[in-house]
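Source file: work_9.pdb; contents: PDB, C-alpha atoms, pLDDT in the B column.
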```pdb
ATOM      1  CA  MET Y   1     113.836 131.491  -5.427  1.00 74.00           C
ATOM      2  CA  ARG Y   2     114.999 132.034  -9.003  1.00 78.00           C
ATOM      3  CA  PRO Y   3     117.828 134.297 -10.326  1.00 80.00           C
ATOM      4  CA  PHE Y   4     115.429 136.888 -11.747  1.00 79.00           C
ATOM      5  CA  GLU Y   5     113.926 137.375  -8.266  1.00 83.00           C
ATOM      6  CA  LEU Y   6     117.233 138.481  -6.749  1.00 83.00           C
ATOM      7  CA  ASN Y   7     119.123 141.747  -6.893  1.00 88.00           C
ATOM      8  CA  PRO Y   8     122.815 141.688  -7.981  1.00 87.00           C
ATOM      9  CA  ASP Y   9     124.203 141.457  -4.445  1.00 88.00           C
ATOM     10  CA  GLU Y  10     121.879 138.597  -3.489  1.00 87.00           C
ATOM     11  CA  LEU Y  11     122.685 136.816  -6.720  1.00 83.00           C
ATOM     12  CA  LYS Y  12     126.438 136.944  -5.943  1.00 86.00           C
ATOM     13  CA  LYS Y  13     125.849 135.407  -2.528  1.00 88.00           C
ATOM     14  CA  LYS Y  14     123.576 132.654  -3.833  1.00 88.00           C
ATOM     15  CA  LEU Y  15     125.191 132.078  -7.218  1.00 88.00           C
ATOM     16  CA  GLU Y  16     125.807 128.336  -6.797  1.00 87.00           C
ATOM     17  CA  GLU Y  17     122.262 127.788  -5.516  1.00 88.00           C
ATOM     18  CA  MET Y  18     120.813 129.738  -8.467  1.00 84.00           C
ATOM     19  CA  VAL Y  19     122.910 127.758 -10.976  1.00 86.00           C
ATOM     20  CA  GLU Y  20     121.458 124.526  -9.574  1.00 84.00           C
ATOM     21  CA  ALA Y  21     117.931 125.943  -9.674  1.00 82.00           C
ATOM     22  CA  THR Y  22     118.387 127.015 -13.305  1.00 78.00           C
ATOM     23  CA  ILE Y  23     119.776 123.614 -14.352  1.00 76.00           C
ATOM     24  CA  SER Y  24     116.903 121.910 -12.549  1.00 75.00           C
ATOM     25  CA  ASP Y  25     114.370 124.068 -14.409  1.00 71.00           C
ATOM     26  CA  LEU Y  26     115.993 123.297 -17.764  1.00 68.00           C
ATOM     27  CA  GLY Y  27     115.986 119.567 -17.042  1.00 60.00           C
ATOM     28  CA  SER Y  28     112.296 119.490 -16.177  1.00 56.00           C
ATOM     29  CA  GLU Y  29     111.391 121.422 -19.343  1.00 59.00           C
ATOM     30  CA  PHE Y  30     112.840 118.612 -21.482  1.00 61.00           C
ATOM     31  CA  LEU Y  31     110.445 116.185 -19.825  1.00 64.00           C
ATOM     32  CA  LEU Y  32     107.345 118.317 -20.375  1.00 66.00           C
ATOM     33  CA  MET Y  33     105.539 118.719 -23.681  1.00 70.00           C
ATOM     34  CA  PRO Y  34     102.531 120.887 -24.531  1.00 72.00           C
ATOM     35  CA  ALA Y  35      99.265 118.950 -24.721  1.00 78.00           C
ATOM     36  CA  GLY Y  36      96.826 120.737 -27.019  1.00 79.00           C
ATOM     37  CA  PRO Y  37      93.348 119.603 -28.071  1.00 78.00           C
ATOM     38  CA  ALA Y  38      94.828 117.187 -30.632  1.00 81.00           C
ATOM     39  CA  PHE Y  39      96.902 115.304 -28.039  1.00 86.00           C
ATOM     40  CA  ILE Y  40      95.787 111.674 -27.641  1.00 91.00           C
ATOM     41  CA  THR Y  41      96.079 110.252 -24.142  1.00 92.00           C
ATOM     42  CA  TYR Y  42      97.129 106.659 -23.665  1.00 93.00           C
ATOM     43  CA  GLY Y  43      93.550 105.721 -22.748  1.00 95.00           C
ATOM     44  CA  ASP Y  44      92.142 107.301 -25.918  1.00 95.00           C
ATOM     45  CA  PHE Y  45      94.782 105.622 -28.066  1.00 95.00           C
ATOM     46  CA  ARG Y  46      94.103 102.268 -26.447  1.00 95.00           C
ATOM     47  CA  ASN Y  47      90.344 102.642 -27.015  1.00 97.00           C
ATOM     48  CA  ALA Y  48      90.943 103.332 -30.713  1.00 97.00           C
ATOM     49  CA  TYR Y  49      93.357 100.390 -30.956  1.00 96.00           C
ATOM     50  CA  GLU Y  50      90.726  98.110 -29.397  1.00 96.00           C
ATOM     51  CA  VAL Y  51      88.143  99.298 -31.956  1.00 97.00           C
ATOM     52  CA  LEU Y  52      90.559  98.346 -34.748  1.00 97.00           C
ATOM     53  CA  LYS Y  53      91.482  95.055 -33.097  1.00 96.00           C
ATOM     54  CA  LYS Y  54      87.847  94.057 -32.566  1.00 96.00           C
ATOM     55  CA  GLY Y  55      86.735  95.158 -36.031  1.00 96.00           C
ATOM     56  CA  THR Y  56      89.439  93.091 -37.716  1.00 96.00           C
ATOM     57  CA  GLY Y  57      89.079  90.015 -35.498  1.00 95.00           C
ATOM     58  CA  ALA Y  58      92.447  90.670 -33.841  1.00 93.00           C
ATOM     59  CA  PHE Y  59      93.875  91.392 -37.320  1.00 94.00           C
ATOM     60  CA  LEU Y  60      92.705  88.096 -38.825  1.00 93.00           C
ATOM     61  CA  GLU Y  61      90.572  90.089 -41.292  1.00 95.00           C
ATOM     62  CA  PHE Y  62      92.767  93.115 -41.824  1.00 96.00           C
ATOM     63  CA  THR Y  63      91.247  94.484 -45.031  1.00 97.00           C
ATOM     64  CA  THR Y  64      90.643  97.971 -46.371  1.00 97.00           C
ATOM     65  CA  ASP Y  65      86.909  97.601 -45.704  1.00 97.00           C
ATOM     66  CA  SER Y  66      87.281  96.363 -42.125  1.00 97.00           C
ATOM     67  CA  VAL Y  67      89.824  99.045 -41.283  1.00 98.00           C
ATOM     68  CA  ARG Y  68      87.722 101.761 -42.917  1.00 97.00           C
ATOM     69  CA  GLU Y  69      84.800 100.639 -40.766  1.00 98.00           C
ATOM     70  CA  GLY Y  70      87.020 101.029 -37.692  1.00 98.00           C
ATOM     71  CA  VAL Y  71      87.929 104.582 -38.735  1.00 98.00           C
ATOM     72  CA  PHE Y  72      84.197 105.245 -39.202  1.00 98.00           C
ATOM     73  CA  GLN Y  73      83.492 104.085 -35.656  1.00 98.00           C
ATOM     74  CA  ASN Y  74      86.373 106.012 -34.102  1.00 98.00           C
ATOM     75  CA  SER Y  75      88.380 108.527 -36.125  1.00 98.00           C
ATOM     76  CA  ARG Y  76      91.425 107.959 -33.924  1.00 98.00           C
ATOM     77  CA  VAL Y  77      91.844 104.542 -35.528  1.00 98.00           C
ATOM     78  CA  PHE Y  78      93.304 106.588 -38.399  1.00 98.00           C
ATOM     79  CA  CYS Y  79      96.054 107.767 -36.033  1.00 96.00           C
ATOM     80  CA  VAL Y  80      96.585 104.244 -34.700  1.00 96.00           C
ATOM     81  CA  LEU Y  81      97.293 103.133 -38.271  1.00 96.00           C
ATOM     82  CA  ARG Y  82      99.844 105.896 -38.698  1.00 96.00           C
ATOM     83  CA  SER Y  83     101.545 104.848 -35.466  1.00 93.00           C
ATOM     84  CA  MET Y  84     101.708 101.265 -36.703  1.00 93.00           C
ATOM     85  CA  LEU Y  85     103.342 102.498 -39.896  1.00 94.00           C
ATOM     86  CA  GLY Y  86     105.745 104.621 -37.847  1.00 91.00           C
ATOM     87  CA  MET Y  87     105.301 107.606 -40.164  1.00 94.00           C
ATOM     88  CA  THR Y  88     104.460 111.281 -39.958  1.00 96.00           C
ATOM     89  CA  PRO Y  89     101.331 112.417 -41.855  1.00 97.00           C
ATOM     90  CA  PRO Y  90     103.392 113.857 -44.768  1.00 97.00           C
ATOM     91  CA  GLU Y  91     105.442 110.638 -45.009  1.00 96.00           C
ATOM     92  CA  TRP Y  92     102.258 108.577 -45.128  1.00 97.00           C
ATOM     93  CA  ALA Y  93     100.910 110.837 -47.880  1.00 97.00           C
ATOM     94  CA  GLU Y  94     104.150 110.466 -49.846  1.00 97.00           C
ATOM     95  CA  VAL Y  95     103.993 106.667 -49.629  1.00 96.00           C
ATOM     96  CA  ALA Y  96     100.356 106.797 -50.813  1.00 97.00           C
ATOM     97  CA  LYS Y  97     101.481 108.883 -53.781  1.00 96.00           C
ATOM     98  CA  SER Y  98     104.205 106.410 -54.740  1.00 95.00           C
ATOM     99  CA  GLN Y  99     101.864 103.442 -54.312  1.00 95.00           C
ATOM    100  CA  TYR Y 100      98.620 104.742 -55.868  1.00 95.00           C
ATOM    101  CA  ASP Y 101      99.673 107.932 -57.672  1.00 95.00           C
ATOM    102  CA  VAL Y 102      97.297 110.041 -55.560  1.00 95.00           C
ATOM    103  CA  ILE Y 103      98.604 113.430 -54.482  1.00 96.00           C
ATOM    104  CA  ILE Y 104      97.791 114.464 -50.920  1.00 97.00           C
ATOM    105  CA  PRO Y 105      99.441 117.779 -49.983  1.00 97.00           C
ATOM    106  CA  GLN Y 106     101.487 117.723 -46.779  1.00 96.00           C
ATOM    107  CA  ASN Y 107      99.314 120.311 -45.057  1.00 96.00           C
ATOM    108  CA  ALA Y 108      96.174 118.362 -45.983  1.00 97.00           C
ATOM    109  CA  ALA Y 109      97.680 115.194 -44.526  1.00 97.00           C
ATOM    110  CA  ARG Y 110      98.560 117.007 -41.290  1.00 97.00           C
ATOM    111  CA  LEU Y 111      95.066 118.532 -41.087  1.00 97.00           C
ATOM    112  CA  LEU Y 112      93.340 115.169 -41.537  1.00 97.00           C
ATOM    113  CA  ASP Y 113      95.528 113.650 -38.848  1.00 97.00           C
ATOM    114  CA  ARG Y 114      94.785 116.498 -36.444  1.00 96.00           C
ATOM    115  CA  LYS Y 115      91.033 116.394 -37.039  1.00 97.00           C
ATOM    116  CA  CYS Y 116      90.976 112.632 -36.463  1.00 97.00           C
ATOM    117  CA  ARG Y 117      92.934 113.050 -33.233  1.00 96.00           C
ATOM    118  CA  GLU Y 118      90.718 115.840 -31.934  1.00 95.00           C
ATOM    119  CA  ASP Y 119      87.329 114.322 -32.726  1.00 95.00           C
ATOM    120  CA  ILE Y 120      86.434 110.606 -32.695  1.00 96.00           C
ATOM    121  CA  GLY Y 121      83.268 111.346 -34.715  1.00 98.00           C
ATOM    122  CA  TYR Y 122      84.960 113.344 -37.479  1.00 98.00           C
ATOM    123  CA  VAL Y 123      84.994 110.645 -40.174  1.00 98.00           C
ATOM    124  CA  GLN Y 124      81.543 109.353 -39.233  1.00 98.00           C
ATOM    125  CA  ARG Y 125      80.010 112.826 -39.711  1.00 98.00           C
ATOM    126  CA  LEU Y 126      81.690 113.259 -43.093  1.00 98.00           C
ATOM    127  CA  GLU Y 127      80.552 109.827 -44.265  1.00 98.00           C
ATOM    128  CA  THR Y 128      76.993 110.191 -42.931  1.00 98.00           C
ATOM    129  CA  LYS Y 129      76.588 113.579 -44.623  1.00 97.00           C
ATOM    130  CA  TYR Y 130      77.894 112.206 -47.912  1.00 97.00           C
ATOM    131  CA  GLN Y 131      75.674 109.110 -47.817  1.00 97.00           C
ATOM    132  CA  ALA Y 132      72.637 111.344 -47.162  1.00 97.00           C
ATOM    133  CA  GLN Y 133      73.497 113.334 -50.305  1.00 96.00           C
ATOM    134  CA  VAL Y 134      73.882 110.112 -52.289  1.00 96.00           C
ATOM    135  CA  ALA Y 135      70.474 108.909 -51.080  1.00 96.00           C
ATOM    136  CA  LYS Y 136      68.809 112.189 -52.114  1.00 95.00           C
ATOM    137  CA  HIS Y 137      70.246 112.006 -55.610  1.00 95.00           C
ATOM    138  CA  LYS Y 138      69.268 108.362 -55.903  1.00 93.00           C
ATOM    139  CA  GLU Y 139      65.708 109.245 -54.892  1.00 94.00           C
ATOM    140  CA  LYS Y 140      65.582 111.982 -57.533  1.00 94.00           C
ATOM    141  CA  GLY Y 141      67.205 109.777 -60.140  1.00 94.00           C
ATOM    142  CA  THR Y 142      70.110 112.194 -60.562  1.00 95.00           C
ATOM    143  CA  GLN Y 143      73.820 111.500 -60.597  1.00 93.00           C
ATOM    144  CA  ALA Y 144      75.345 111.121 -57.136  1.00 90.00           C
ATOM    145  CA  PRO Y 145      78.018 113.639 -56.104  1.00 93.00           C
ATOM    146  CA  GLU Y 146      81.669 112.649 -56.106  1.00 95.00           C
ATOM    147  CA  ARG Y 147      83.140 111.463 -52.839  1.00 96.00           C
ATOM    148  CA  PRO Y 148      84.372 114.468 -50.788  1.00 97.00           C
ATOM    149  CA  VAL Y 149      88.094 115.130 -51.047  1.00 97.00           C
ATOM    150  CA  SER Y 150      88.713 114.507 -47.333  1.00 97.00           C
ATOM    151  CA  LEU Y 151      87.007 111.101 -47.436  1.00 98.00           C
ATOM    152  CA  ALA Y 152      88.753 110.154 -50.678  1.00 97.00           C
ATOM    153  CA  ARG Y 153      92.111 111.015 -49.103  1.00 98.00           C
ATOM    154  CA  ILE Y 154      91.316 109.039 -45.955  1.00 98.00           C
ATOM    155  CA  ASP Y 155      90.322 106.083 -48.160  1.00 98.00           C
ATOM    156  CA  VAL Y 156      93.625 106.025 -50.029  1.00 98.00           C
ATOM    157  CA  LEU Y 157      95.671 106.497 -46.852  1.00 98.00           C
ATOM    158  CA  VAL Y 158      93.828 103.601 -45.206  1.00 98.00           C
ATOM    159  CA  GLN Y 159      94.364 101.491 -48.327  1.00 98.00           C
ATOM    160  CA  THR Y 160      98.073 102.345 -48.237  1.00 97.00           C
ATOM    161  CA  ALA Y 161      98.382 101.442 -44.556  1.00 97.00           C
ATOM    162  CA  VAL Y 162      96.602  98.119 -45.032  1.00 97.00           C
ATOM    163  CA  HIS Y 163      98.837  97.263 -47.989  1.00 96.00           C
ATOM    164  CA  PHE Y 164     102.126  97.955 -46.197  1.00 94.00           C
ATOM    165  CA  LEU Y 165     101.089  96.524 -42.836  1.00 95.00           C
ATOM    166  CA  ASN Y 166     100.009  93.307 -44.538  1.00 93.00           C
ATOM    167  CA  LYS Y 167     103.217  93.198 -46.544  1.00 92.00           C
ATOM    168  CA  GLY Y 168     105.721  93.938 -43.764  1.00 87.00           C
ATOM    169  CA  ALA Y 169     109.410  94.632 -44.268  1.00 82.00           C
ATOM    170  CA  PRO Y 170     111.468  93.302 -47.183  1.00 78.00           C
ATOM    171  CA  LYS Y 171     114.610  91.273 -46.651  1.00 83.00           C
ATOM    172  CA  ALA Y 172     117.137  93.233 -44.597  1.00 79.00           C
ATOM    173  CA  VAL Y 173     119.871  95.103 -46.434  1.00 78.00           C
ATOM    174  CA  GLU Y 174     123.159  95.747 -44.669  1.00 81.00           C
ATOM    175  CA  GLY Y 175     123.622  99.340 -43.584  1.00 81.00           C
ATOM    176  CA  VAL Y 176     119.954 100.395 -43.661  1.00 82.00           C
ATOM    177  CA  VAL Y 177     116.854  99.732 -41.575  1.00 81.00           C
ATOM    178  CA  HIS Y 178     113.480  99.517 -43.294  1.00 79.00           C
ATOM    179  CA  ARG Y 179     110.689 101.589 -41.743  1.00 79.00           C
ATOM    180  CA  MET Y 180     108.477  98.517 -41.392  1.00 83.00           C
ATOM    181  CA  ASP Y 181     111.148  96.407 -39.686  1.00 84.00           C
ATOM    182  CA  LYS Y 182     109.758  96.622 -36.154  1.00 85.00           C
ATOM    183  CA  PHE Y 183     107.983  94.449 -33.608  1.00 78.00           C
ATOM    184  CA  ASP Y 184     104.428  94.898 -34.874  1.00 83.00           C
ATOM    185  CA  SER Y 185     105.066  95.061 -38.628  1.00 86.00           C
ATOM    186  CA  SER Y 186     108.291  93.309 -39.660  1.00 87.00           C
ATOM    187  CA  HIS Y 187     106.517  90.117 -40.790  1.00 85.00           C
ATOM    188  CA  GLY Y 188     103.379  91.829 -42.035  1.00 90.00           C
ATOM    189  CA  ILE Y 189     100.008  90.679 -40.776  1.00 87.00           C
ATOM    190  CA  GLU Y 190     101.604  87.920 -38.692  1.00 90.00           C
ATOM    191  CA  SER Y 191     103.420  90.577 -36.660  1.00 87.00           C
ATOM    192  CA  LEU Y 192     100.192  92.498 -36.081  1.00 87.00           C
ATOM    193  CA  GLN Y 193      98.430  89.346 -34.928  1.00 89.00           C
ATOM    194  CA  TYR Y 194     101.317  88.464 -32.621  1.00 85.00           C
ATOM    195  CA  ALA Y 195     101.357  91.973 -31.135  1.00 84.00           C
ATOM    196  CA  ALA Y 196      97.598  91.876 -30.581  1.00 85.00           C
ATOM    197  CA  LYS Y 197      97.820  88.462 -28.932  1.00 81.00           C
ATOM    198  CA  ASP Y 198     100.618  89.654 -26.635  1.00 67.00           C
ATOM    199  CA  GLY Y 199      98.673  92.783 -25.704  1.00 58.00           C
ATOM    200  CA  ALA Y 200     101.285  95.167 -27.030  1.00 54.00           C
ATOM    201  CA  ALA Y 201      98.986  98.196 -26.788  1.00 48.00           C
ATOM    202  CA  LEU Y 202      97.902  97.437 -23.207  1.00 43.00           C
TER     203      LEU Y 202
END
```

Translate this file's structure into structure tokens.
Amino acid sequence: MRPFELNPDELKKKLEEMVEATISDLGSEFLLMPAGPAFITYGDFRNAYEVLKKGTGAFLEFTTDSVREGVFQNSRVFCVLRSMLGMTPPEWAEVAKSQYDVIIPQNAARLLDRKCREDIGYVQRLETKYQAQVAKHKEKGTQAPERPVSLARIDVLVQTAVHFLNKGAPKAVEGVVHRMDKFDSSHGIESLQYAAKDGAAL
């Protein structure tokens, strides 16, 4: 029974019981989160991590090209990278702007992240469609179209992630904690390799 199911007299008699029921309901709500179509389960995240790990030789060849290939194979690799950075999509976009002077609006960054979470074939379809257009223009001897905005943004975000994950955290400064100063990124690529060897994502 819940308070709203009782009339005033019943509520008076069972007040203590209803208080406990209400507190119990509130407590359980804190532990539950909505899981929409963009929610990545642990199994899906692990699969994407393994694609990245395999494609980079357990992070021995952690380059923009090898990581981009991983994102091509499984779009959720894009989200794995963001998790490794420990950033929200807008924060990642802001770091890309400061590093490469490329503006990616916050909403665009969030949309890319959501599409990559929802659909493992998202990037592959974009890239395949673009390469087909390039091939047609090449066959006709005409100028190839520019890279689509979404792919260009993914490219620069991947490049940004690879740069910072290879670099790691700078020397610690008293009173502040650097975003990259964590188990799998503090010492750059060495941290990634160590985490992969220890099975951190398992």

(request) Have a look at Y:Val95, Y:Ile120, Y:Val134, Y:Leu85 and name the one nearest to Y:Phe72; count all atoms listed in the file. (result) Y:Ile120

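Closest approach to Y:Leu165 among Y:Thr63, Y:Gln73, Y:Ser150, Y:Thr142 is made by Y:Thr63 (distances from only C-alpha atoms).
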
(message) I'd like the neighbourhood of Y:Gln193 as a PyMOL selection string, where a residue qualifies if any of its atoms comes within 12 Å (using all atoms listed in the file), though same-chain residues fewer than 2 positions away should be ignored.
(response) chain Y and resi 52-54+56-62+165-166+183-191+195-200

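Each of Y:Pro148, Y:Glu69, Y:Thr88, Y:Gln159 was compared to Y:Arg179 using only C-alpha atoms, and Y:Thr88 turns out to be the nearest.
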
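Comparing Y:Arg46, Y:His163, Y:Arg76, Y:Arg153 by their smallest distance to Y:Arg114, the closest is Y:Arg76 (using only C-alpha atoms).
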
(request) Go ahead and compute the interatomic distance for atom CA of Y:Ala48 and atom CA of Y:Val80, in Å to one decimal. (result) 7.0 Å

(message) Under the rule that only C-alpha atoms are counted, which of Y:Asp181, Y:Asn74, Y:Val173, Y:Glu17 is the nearest residue to Y:Gly121?
(response) Y:Asn74

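Restricting the calculation to all atoms listed in the file, the smallest distance between Y:Asp44 and any of Y:Ala172, Y:Cys116, Y:Met18, Y:Val162 is found for Y:Cys116.
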
(request) Extract, using only C-alpha atoms, all DNA, RNA and protein residues at most 9 Å from stretch 19-23 of chain Y, discarding same-chain residues fewer than 6 positions from it, and format them as a PyMOL selection string. (result) chain Y and resi 1-3

(request) Please evaluate the PyMOL selection byres ((chain Y and resi 107) around 12) against the structure above and give the resulting residues as JSON, numbers by chain. (result) {"Y": [88, 89, 90, 91, 93, 94, 103, 104, 105, 106, 108, 109, 110, 111, 112, 113, 114]}

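If you look at atom CA of Y:Gly86 and atom CA of Y:Val176, they are 15.9 Å away from each other.
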
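Put simply, atom CA of Y:Val67 is 7.2 Å away from atom CA of Y:Val158.
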